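Structure record follows, encoded as structure tokens.
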Amino acid sequence: MSADEEIQLVTFRVGGQEFGFNILEVERILRYDPPAPLPQAPEFLEGMLEYGTGAIPVIDLRKRLNVAAPVQDQTRTMVLEWDQDRIGIVVDAVVELLRAPVDEITPPPRIVRGLAAKYIKGIFARDGRTVIILGVAKILASKERLELQQTLEAIQTDDS
């Protein structure tokens with residue numbers, strides 16, 4: 001990587017903290033529309049949201065990170081490319097598109113372990129502002145991925 005290489009981050013707020021996803025992982029940002037709940041869905045799955053010619057699963061990242069999740073005017077659903085498919089992530093507000101020099105992104109500190117460390121791809125700090133960069137692929141643990149897949153397959157089976 002060259003010293004002047006940068007990535008573009010779509011930054012957003014969850015519980016007062018600023019986070020970011022690489023813009024290449026973000027397909028679209030939608031105004032919040034409550035997803036249709038699913039019976040017997042895993043706790044992390046809010047429901048399904050009509051999108052394009054089908055529906056996508058929606059996860060409330062605020063609940064995922066154990067912060068209050070009131071719906072406000074700024075609440076958004078980010079549609080992300082996930083595991084060769086799409087997933088919706090509910091956030092408090094989308095902030096901006098930010099260019100971050102790659103050489104200024106640091107790995108999470110060693111003290112951040114366990115679940116939190118699994119989510120984090122890096123940290124970008126500048127001018128008193130800290131953006132925690134999340135990895136879309138890491139939002140769900142492998143057990144949760146399996147639960148989501150089984151739930152989606154059950155929906156498809158019921159529809160046919």
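All residue names refer to the structure tokens as shown: chains lettered A, B, ... in order, residues numbered from 1 in each chain, ligands numbered from 1 in order.
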| task | Using DSSP on the backbone, list every residue of range 13-142 of chain A that comes out as helix (DSSP H, G or I), and give them as a PyMOL selection string. | result | chain A and resi 23-25+61-64+102-104+114-119+136-138+142
| task | Please provide the set of residues having any atom within 7 Å of range 51-61 of chain A, restricted to only C-alpha atoms, with same-chain residues fewer than 6 positions apart removed, written as a PyMOL selection string. | result | chain A and resi 35+44-45+86-91
| field | Who sits within 8 Å of Glu27 in chain A, only C-alpha atoms, same chain under 4 positions skipped, as an NGL selection string | value | :A and (78-81)
| request: Could you pull out the residues in chain A that DSSP calls strand (DSSP E or B) from the backbone, as number ranges by chain? | output: A: 6-14, 17-22, 26-31, 36, 45-51, 54-60, 76-82, 85-91, 93-101, 105-106, 120-126, 129-134
Only C-alpha atoms, please: the residues just picked out, written as a compact mmCIF listing (two decimals), in the first residue's frame.
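The result, stored in out-v4.txt:
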```
# COMPACT_ATOMS: atom_id res chain seq x y z
CA GLU A 6 -7.08 5.90 1.61
CA ILE A 7 -10.40 4.19 2.08
CA GLN A 8 -13.80 5.80 2.10
CA LEU A 9 -15.92 5.11 5.15
CA VAL A 10 -19.65 5.58 5.55
CA THR A 11 -19.80 6.78 9.15
CA PHE A 12 -22.79 6.38 11.43
CA ARG A 13 -23.75 6.71 15.08
CA VAL A 14 -24.91 4.02 17.46
CA GLN A 17 -20.28 6.37 19.34
CA GLU A 18 -19.24 6.87 15.73
CA PHE A 19 -18.64 3.80 13.59
CA GLY A 20 -17.85 3.23 9.95
CA PHE A 21 -18.14 0.66 7.19
CA ASN A 22 -15.99 0.61 4.09
CA VAL A 26 -22.57 -0.36 1.69
CA GLU A 27 -25.14 -0.72 -1.07
CA ARG A 28 -27.77 1.77 0.04
CA ILE A 29 -29.01 3.83 2.99
CA LEU A 30 -32.76 3.85 3.60
CA ARG A 31 -35.05 5.78 5.91
CA ALA A 36 -41.87 -7.46 9.34
CA LEU A 45 -32.97 -10.73 13.86
CA GLU A 46 -35.47 -7.85 13.84
CA GLY A 47 -37.35 -9.21 10.84
CA MET A 48 -37.49 -8.93 7.06
CA LEU A 49 -37.64 -5.75 5.00
CA GLU A 50 -38.95 -5.52 1.46
CA TYR A 51 -36.03 -4.56 -0.75
CA GLY A 54 -37.42 -9.60 -2.53
CA ALA A 55 -36.77 -9.15 1.16
CA ILE A 56 -33.63 -8.87 3.28
CA PRO A 57 -33.01 -9.80 6.92
CA VAL A 58 -32.62 -6.81 9.27
CA ILE A 59 -30.45 -6.64 12.39
CA ASP A 60 -30.64 -3.71 14.81
CA ARG A 76 -31.62 4.59 9.15
CA THR A 77 -31.33 1.11 7.72
CA MET A 78 -28.05 0.53 5.92
CA VAL A 79 -28.20 -2.17 3.25
CA LEU A 80 -24.87 -3.98 3.25
CA GLU A 81 -23.33 -6.60 1.05
CA TRP A 82 -22.97 -9.62 3.30
CA ASP A 85 -26.15 -11.49 -0.26
CA ARG A 86 -27.59 -8.42 1.46
CA ILE A 87 -28.49 -7.59 5.02
CA GLY A 88 -30.05 -4.53 6.64
CA ILE A 89 -28.45 -2.92 9.68
CA VAL A 90 -30.40 -0.39 11.78
CA VAL A 91 -28.35 2.54 13.13
CA ALA A 93 -27.99 8.08 12.23
CA VAL A 94 -25.72 8.12 9.19
CA VAL A 95 -23.15 10.89 9.59
CA GLU A 96 -21.05 11.28 6.44
CA LEU A 97 -18.71 9.84 3.86
CA LEU A 98 -15.18 10.12 5.26
CA ARG A 99 -11.82 9.57 3.58
CA ALA A 100 -9.37 7.85 5.91
CA PRO A 101 -5.68 7.40 5.03
CA ILE A 105 -6.07 3.27 10.70
CA THR A 106 -4.85 1.28 13.68
CA ILE A 120 -13.70 -4.22 14.81
CA LYS A 121 -11.49 -4.00 11.72
CA GLY A 122 -9.68 -0.88 12.85
CA ILE A 123 -9.83 2.52 14.50
CA PHE A 124 -9.41 5.89 12.81
CA ALA A 125 -8.74 8.85 15.09
CA ARG A 126 -8.17 12.45 14.03
CA ARG A 129 -12.81 12.25 16.65
CA THR A 130 -12.66 8.45 16.86
CA VAL A 131 -14.35 6.21 14.29
CA ILE A 132 -14.50 2.49 14.97
CA ILE A 133 -14.38 0.63 11.66
CA LEU A 134 -16.57 -2.45 11.63
```
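The closest residue to Lys138 in chain A, picked from A:Pro39, A:Pro109, A:Lys118, A:Glu153 and counting only C-alpha atoms, is A:Lys118.
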| field | Option closest in space to Ala41 in chain A, from A:Leu152, A:Asp83, A:Thr157, A:Arg64 [counting only C-alpha atoms] | value | A:Leu152
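Here CA of Pro37 in chain A and CA of Leu140 in chain A stand 18.8 Å from one another.
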